[in-house]
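The structure appears below as structure tokens.
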Amino acid sequence: MTDRFNGKKVLVTGAAGFLGSHLVETILNEGGLVMGVDNFLTGNADNLAEIESENFAFVEADVIQPAGNYLQGEVFDYIFHFASPASPPWYQKYPRETYLVNTVATDNLLQYMQATNPLGTFVFAGTSEAYGDPLEHPQRETYWGNVNPNGVRSCYDESKRLGETICGVFNRDFQLDTRIVRIFNTYGPRIGADDGRVIPSFIMSALKNEPMTVFGDGSQTRSYCYVSDLVEGILRLATNPSARGETVNIGNPGEFTVKDTAEIIWRAVYEESSVAKIEFRQLPGDDPTRRKPDISKAQQLLQWEPQVSFEEGLRKTVAWFAK
Ligand code: NAD
Ligand code: UDP
């Protein structure tokens, strides 16, 4: 355990979500004074239920409004802007909420930081979706991506890209310390059981002994990072003095087809020899074909790389879902 956040005032938006709740917990354990904000659009108060620290305060608010409305002059050393629907079914159900929280809320929170503590650090939850359906493999931070500006995933992908632009403007033109983490598919305890993402969806089906729904022929690939590894990467990015203004991929470079993912998950729930139940469904529009992070920048800048194997992470996640 380190004390990177000892006495630091930290704001986490999206605190009742999967990643936000893990950030809150870890920062509190490292001595931070944390305020969490969430409007429960896709998150859940249960995710914060175990937090009893007197150093934690929670505000129920929609962060799309001007930040002064709900922060009332509080001054923060760090702002982690993690509020946003994150799974395709959720962001497609809430497309306006998604593009507004990644753009207008990012601008509002940065204006707030500029007015209250221009020396603070702002961390934006970017995404591997910034690379769209990538034509370069693996994806390095220098790759500009291959993104459909007006398709079923655009409310998310393009607003995350504009969110990055807004961070860049505040960094270059207004000298704020902004940092962007491009997060690749992450899983672990507290990921929404019903949010439709591949890992919870397959685990839930397997636990119910029902067929796992593989979209398309299952040959598309993803790289899965366990949540504790991701959080450590994000906190190193936030606190490393050399990372000001930087954009960094954080993810696990292990690459799996979706069909293999289904089989591995089935074996994590049942014994080795059990035959996975799989049902094939139509592939959704603009579903990226391949995805794998190049993490050499995180290795060099942050001395970070993932520690938890897919098998070990799945074991912990399945145990949590089974509970
Ligand atoms: P999540 O849905 O579990 O959490 C998001 C939280 O934001 C929820 O609690 C939701 O209620 C809250 N929220 C949404 N709009 C809000 C608003 N206007 N005001 C206040 N709260 C609001 O998703 P997650 O997986 O924890 O993702 C967190 C962040 O990380 C998101 O920005 C997401 O885009 C990004 N990200 C996640 C992944 C991943 O694999 N988990 C990958 C790439 C990027
Ligand atoms: N997927 C699937 N079955 C599901 C959920 C997802 O085959 O029940 C596929 C989806 O089409 C995509 C991959 O798994 O190719 C990862 O999907 P997810 O929604 O987790 O995240 P994405 O990386 O696409 O944003």
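Scheme for the structure tokens: letters A, B, ... for chains in order shown; per-chain residue numbers from 1; ligand numbers from 1 in order shown.
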>> Applying 10 Å and only C-alpha atoms, which residues near Thr247 of chain A remain after dropping the ones on its own chain fewer than 6 positions away? List them as an NGL selection string.
In response: :A and (123-124 or 126 or 141-142 or 164 or 168 or 178-182 or 237 or 297-298)
Writing out the chosen residues with C-alpha atoms as a PDB file, in the first residue's frame:
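Dumped everything to part.pdb:
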ATOM      1  CA  VAL A 123      -7.952  12.645 -15.368  1.00  0.00           C
ATOM      2  CA  PHE A 124     -10.368  11.819 -18.194  1.00  0.00           C
ATOM      3  CA  GLY A 126     -10.948   7.834 -22.441  1.00  0.00           C
ATOM      4  CA  GLU A 141      -1.413   6.102 -28.620  1.00  0.00           C
ATOM      5  CA  THR A 142      -0.083   7.777 -31.778  1.00  0.00           C
ATOM      6  CA  GLU A 164      -9.961  14.166 -25.323  1.00  0.00           C
ATOM      7  CA  GLY A 168      -6.057  18.984 -24.864  1.00  0.00           C
ATOM      8  CA  THR A 178      -4.958  17.106 -17.878  1.00  0.00           C
ATOM      9  CA  ARG A 179      -4.252  13.423 -18.441  1.00  0.00           C
ATOM     10  CA  ILE A 180      -6.167  10.933 -20.585  1.00  0.00           C
ATOM     11  CA  VAL A 181      -6.351   7.209 -19.901  1.00  0.00           C
ATOM     12  CA  ARG A 182      -7.458   5.129 -22.892  1.00  0.00           C
ATOM     13  CA  LEU A 237      -0.881   8.092 -14.565  1.00  0.00           C
ATOM     14  CA  LYS A 297       4.208   3.878 -23.235  1.00  0.00           C
ATOM     15  CA  ALA A 298       2.674   2.816 -19.882  1.00  0.00           C
TER      16      ALA A 298
END
> Can you tell me which residues sit at most 10 Å away from ligand 2, counting only C-alpha atoms and all ligand atoms, written as a PyMOL selection string?
Replying inline: chain A and resi 86-90+127-129+132+153+156-157+184-187+195-205+212-224+257-259+261-262+278-291
>> Among segment 8-78 of chain A, which residues does DSSP mark as strand (DSSP E) when it is run on the backbone? Keep the chain and numbering as in the structure and answer as a list of chain:residue names.
In response: A:Lys9, A:Val10, A:Leu11, A:Val12, A:Thr13, A:Leu33, A:Val34, A:Met35, A:Gly36, A:Val37, A:Asp38, A:Phe56, A:Ala57, A:Phe58, A:Val59, A:Glu60, A:Tyr78
For the selection you just gave me, I'd like the residues written to a file as a short mmCIF file (atom, residue, chain, number, x, y, z; two decimals), in the first residue's frame, keeping N, CA and C atoms.
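Writing the result to selection20.cif gives the following:
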data_model
loop_
_atom_site.label_atom_id
_atom_site.label_comp_id
_atom_site.auth_asym_id
_atom_site.auth_seq_id
_atom_site.Cartn_x
_atom_site.Cartn_y
_atom_site.Cartn_z
N LYS A 9 -7.45 16.11 -1.72
CA LYS A 9 -8.90 16.16 -1.97
C LYS A 9 -9.17 15.70 -3.40
N VAL A 10 -10.05 14.72 -3.52
CA VAL A 10 -10.24 14.03 -4.80
C VAL A 10 -11.73 13.97 -5.14
N LEU A 11 -12.07 14.34 -6.37
CA LEU A 11 -13.43 14.18 -6.86
C LEU A 11 -13.47 13.03 -7.86
N VAL A 12 -14.42 12.11 -7.69
CA VAL A 12 -14.61 11.03 -8.65
C VAL A 12 -16.03 11.14 -9.18
N THR A 13 -16.18 11.41 -10.48
CA THR A 13 -17.53 11.38 -11.08
C THR A 13 -17.78 9.95 -11.58
N LEU A 33 -9.12 12.19 0.59
CA LEU A 33 -10.42 12.69 1.07
C LEU A 33 -11.29 12.77 -0.17
N VAL A 34 -12.25 11.87 -0.29
CA VAL A 34 -12.90 11.66 -1.58
C VAL A 34 -14.35 12.13 -1.57
N MET A 35 -14.71 12.87 -2.62
CA MET A 35 -16.12 13.14 -2.88
C MET A 35 -16.52 12.38 -4.14
N GLY A 36 -17.58 11.59 -4.05
CA GLY A 36 -18.09 10.86 -5.21
C GLY A 36 -19.38 11.52 -5.69
N VAL A 37 -19.54 11.60 -7.00
CA VAL A 37 -20.78 12.14 -7.57
C VAL A 37 -21.34 11.13 -8.56
N ASP A 38 -22.65 10.95 -8.54
CA ASP A 38 -23.28 10.04 -9.50
C ASP A 38 -24.77 10.36 -9.54
N PHE A 56 -15.11 9.95 3.13
CA PHE A 56 -15.88 9.85 1.87
C PHE A 56 -17.20 10.60 1.99
N ALA A 57 -17.49 11.43 0.99
CA ALA A 57 -18.79 12.11 0.92
C ALA A 57 -19.39 11.80 -0.44
N PHE A 58 -20.70 11.63 -0.48
CA PHE A 58 -21.37 11.33 -1.76
C PHE A 58 -22.40 12.40 -2.08
N VAL A 59 -22.41 12.84 -3.33
CA VAL A 59 -23.40 13.81 -3.78
C VAL A 59 -24.15 13.18 -4.96
N GLU A 60 -25.47 13.14 -4.87
CA GLU A 60 -26.25 12.65 -6.01
C GLU A 60 -26.52 13.83 -6.93
N TYR A 78 -7.38 16.59 -7.25
CA TYR A 78 -7.55 15.70 -8.40
C TYR A 78 -9.03 15.60 -8.76
#
Per-residue nearest contacts of chain A to ligand 1 (6 Å; only C-alpha atoms and all ligand atoms) as a tab-separated table:
residue	atom	partner	partner_atom_place_in_ligand_line	distance
A:Gly14	CA	ligand 1	7 (O)	3.4
A:Ala15	CA	ligand 1	9 (O)	5.8
A:Ala16	CA	ligand 1	9 (O)	4.1
A:Gly17	CA	ligand 1	9 (O)	3.2
A:Phe18	CA	ligand 1	26 (O)	3.6
A:Leu19	CA	ligand 1	26 (O)	3.7
A:Gly20	CA	ligand 1	26 (O)	5.5
A:Asp38	CA	ligand 1	21 (N)	3.6
A:Asn39	CA	ligand 1	20 (C)	4.2
A:Phe40	CA	ligand 1	11 (O)	3.5
A:Leu41	CA	ligand 1	11 (O)	3.7
A:Thr42	CA	ligand 1	11 (O)	4.0
A:Gly43	CA	ligand 1	9 (O)	3.0
A:Ala61	CA	ligand 1	20 (C)	5.7
A:Asp62	CA	ligand 1	19 (N)	3.5
A:Val63	CA	ligand 1	19 (N)	4.1
A:Ile64	CA	ligand 1	18 (N)	5.1
A:Phe82	CA	ligand 1	32 (O)	4.1
A:Ala83	CA	ligand 1	7 (O)	3.4
A:Ser84	CA	ligand 1	14 (C)	3.9
A:Pro85	CA	ligand 1	2 (O)	4.5
A:Ala86	CA	ligand 1	34 (O)	4.3
A:Val101	CA	ligand 1	18 (N)	5.1
A:Ala125	CA	ligand 1	32 (O)	4.9
A:Gly126	CA	ligand 1	44 (C)	5.6
A:Thr127	CA	ligand 1	43 (C)	4.1
A:Ile183	CA	ligand 1	43 (C)	4.3
A:Phe184	CA	ligand 1	42 (C)	5.0
A:Asn185	CA	ligand 1	40 (O)	3.6
A:Thr186	CA	ligand 1	40 (O)	3.7
>> Among segment 47-280 of chain A, which ones does DSSP assign to helix (DSSP H, G or I) (computed from the backbone)? Answer as JSON, numbers by chain.
In response: {"A": [47, 48, 68, 69, 70, 71, 88, 89, 90, 91, 92, 93, 95, 96, 97, 98, 99, 100, 101, 102, 104, 105, 106, 107, 108, 109, 110, 111, 112, 113, 114, 115, 116, 128, 129, 130, 131, 154, 155, 156, 157, 158, 159, 160, 161, 162, 163, 164, 165, 166, 167, 168, 169, 170, 171, 172, 198, 199, 200, 201, 202, 203, 204, 205, 206, 207, 227, 228, 229, 230, 231, 232, 233, 234, 235, 236, 237, 238, 239, 241, 242, 243, 258, 259, 260, 261, 262, 263, 264, 265, 266, 267, 268, 269]}
>> With only C-alpha atoms as the counted atoms, please give the residues lying no more than 12 Å from Ala115 of chain A, apart from itself and same-chain residues fewer than 5 positions off, as a PyMOL selection string.
In response: chain A and resi 67-68+73-76+108-110+120+174+176
Output of the above residues as a PDB file, in the first residue's frame, restricted to N, CA, C and O atoms:
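Output contents, as saved in again_29.pdb:
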ATOM      1  N   ALA A  67     -20.643  22.627 -12.815  1.00  0.00           N
ATOM      2  CA  ALA A  67     -20.153  21.918 -11.631  1.00  0.00           C
ATOM      3  C   ALA A  67     -20.365  22.718 -10.346  1.00  0.00           C
ATOM      4  O   ALA A  67     -20.535  22.135  -9.269  1.00  0.00           O
ATOM      5  N   GLY A  68     -20.369  24.058 -10.446  1.00  0.00           N
ATOM      6  CA  GLY A  68     -20.581  24.890  -9.255  1.00  0.00           C
ATOM      7  C   GLY A  68     -21.934  24.620  -8.610  1.00  0.00           C
ATOM      8  O   GLY A  68     -22.106  24.811  -7.396  1.00  0.00           O
ATOM      9  N   GLY A  73     -18.110  25.247  -4.436  1.00  0.00           N
ATOM     10  CA  GLY A  73     -16.846  25.862  -4.048  1.00  0.00           C
ATOM     11  C   GLY A  73     -15.790  24.925  -3.497  1.00  0.00           C
ATOM     12  O   GLY A  73     -14.677  25.350  -3.200  1.00  0.00           O
ATOM     13  N   GLU A  74     -16.109  23.642  -3.342  1.00  0.00           N
ATOM     14  CA  GLU A  74     -15.095  22.681  -2.869  1.00  0.00           C
ATOM     15  C   GLU A  74     -13.877  22.733  -3.805  1.00  0.00           C
ATOM     16  O   GLU A  74     -14.034  22.865  -5.028  1.00  0.00           O
ATOM     17  N   VAL A  75     -12.699  22.581  -3.238  1.00  0.00           N
ATOM     18  CA  VAL A  75     -11.465  22.651  -4.026  1.00  0.00           C
ATOM     19  C   VAL A  75     -10.842  21.252  -4.081  1.00  0.00           C
ATOM     20  O   VAL A  75     -10.734  20.590  -3.048  1.00  0.00           O
ATOM     21  N   PHE A  76     -10.468  20.820  -5.276  1.00  0.00           N
ATOM     22  CA  PHE A  76      -9.927  19.456  -5.419  1.00  0.00           C
ATOM     23  C   PHE A  76      -8.501  19.477  -5.973  1.00  0.00           C
ATOM     24  O   PHE A  76      -8.190  20.245  -6.884  1.00  0.00           O
ATOM     25  N   ASN A 108     -17.410  21.521 -18.412  1.00  0.00           N
ATOM     26  CA  ASN A 108     -17.865  22.144 -17.157  1.00  0.00           C
ATOM     27  C   ASN A 108     -16.909  21.849 -16.003  1.00  0.00           C
ATOM     28  O   ASN A 108     -16.576  22.744 -15.213  1.00  0.00           O
ATOM     29  N   LEU A 109     -16.461  20.595 -15.905  1.00  0.00           N
ATOM     30  CA  LEU A 109     -15.579  20.219 -14.790  1.00  0.00           C
ATOM     31  C   LEU A 109     -14.214  20.886 -14.941  1.00  0.00           C
ATOM     32  O   LEU A 109     -13.607  21.312 -13.955  1.00  0.00           O
ATOM     33  N   LEU A 110     -13.736  21.005 -16.177  1.00  0.00           N
ATOM     34  CA  LEU A 110     -12.446  21.674 -16.386  1.00  0.00           C
ATOM     35  C   LEU A 110     -12.557  23.175 -16.088  1.00  0.00           C
ATOM     36  O   LEU A 110     -11.642  23.758 -15.489  1.00  0.00           O
ATOM     37  N   GLY A 120      -4.608  21.877 -10.009  1.00  0.00           N
ATOM     38  CA  GLY A 120      -5.062  20.499  -9.810  1.00  0.00           C
ATOM     39  C   GLY A 120      -4.801  19.635 -11.035  1.00  0.00           C
ATOM     40  O   GLY A 120      -4.383  20.114 -12.094  1.00  0.00           O
ATOM     41  N   PHE A 174      -4.858  26.676 -21.738  1.00  0.00           N
ATOM     42  CA  PHE A 174      -5.114  27.243 -20.407  1.00  0.00           C
ATOM     43  C   PHE A 174      -4.197  26.658 -19.335  1.00  0.00           C
ATOM     44  O   PHE A 174      -4.426  26.860 -18.148  1.00  0.00           O
ATOM     45  N   LEU A 176      -3.779  23.853 -17.895  1.00  0.00           N
ATOM     46  CA  LEU A 176      -4.223  22.923 -16.851  1.00  0.00           C
ATOM     47  C   LEU A 176      -3.511  21.581 -17.028  1.00  0.00           C
ATOM     48  O   LEU A 176      -3.085  21.229 -18.125  1.00  0.00           O
TER      49      LEU A 176
END
> Hey, which of A:Tyr99, A:Trp144, A:Trp320, A:Phe310 ends up closest to Cys225 of chain A? Count only C-alpha atoms.
Replying inline: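 Counting only C-alpha atoms, the residue closest to Cys225 of chain A is A:Phe310.
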>> Could you tell me how far atom CA of Asn148 of chain A sits from atom CA of Lys93 of chain A, in Å to one decimal place?
In response: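 Answer for the atom CA of Lys93 of chain A to atom CA of Asn148 of chain A separation: 18.5 Å.
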Write out as a CSV table (one decimal) with N, CA, C and O atoms, in the first residue's frame which residues come within 7 Å of Gly163 of chain A when counting only C-alpha atoms, dropping same-chain ones fewer than 4 positions away.
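Done, and the output landed in around_3.csv:
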chain,number,residue,atom,x,y,z
A,102,ASN,N,-19.7,13.2,-21.8
A,102,ASN,CA,-18.3,13.1,-22.2
A,102,ASN,C,-17.8,14.4,-22.8
A,102,ASN,O,-16.6,14.6,-22.9
A,103,THR,N,-18.7,15.3,-23.1
A,103,THR,CA,-18.2,16.6,-23.7
A,103,THR,C,-18.6,17.8,-22.8
A,103,THR,O,-17.7,18.4,-22.2
A,106,THR,N,-17.3,17.4,-19.3
A,106,THR,CA,-15.9,17.5,-19.3
A,106,THR,C,-15.5,19.0,-19.3
A,106,THR,O,-14.6,19.4,-18.5
A,159,SER,N,-17.9,11.1,-28.8
A,159,SER,CA,-17.9,12.1,-27.7
A,159,SER,C,-16.7,11.8,-26.8
A,159,SER,O,-16.1,12.8,-26.2
A,167,CYS,N,-9.8,18.2,-23.2
A,167,CYS,CA,-8.7,18.1,-22.3
A,167,CYS,C,-7.4,18.7,-22.9
A,167,CYS,O,-6.7,19.4,-22.2
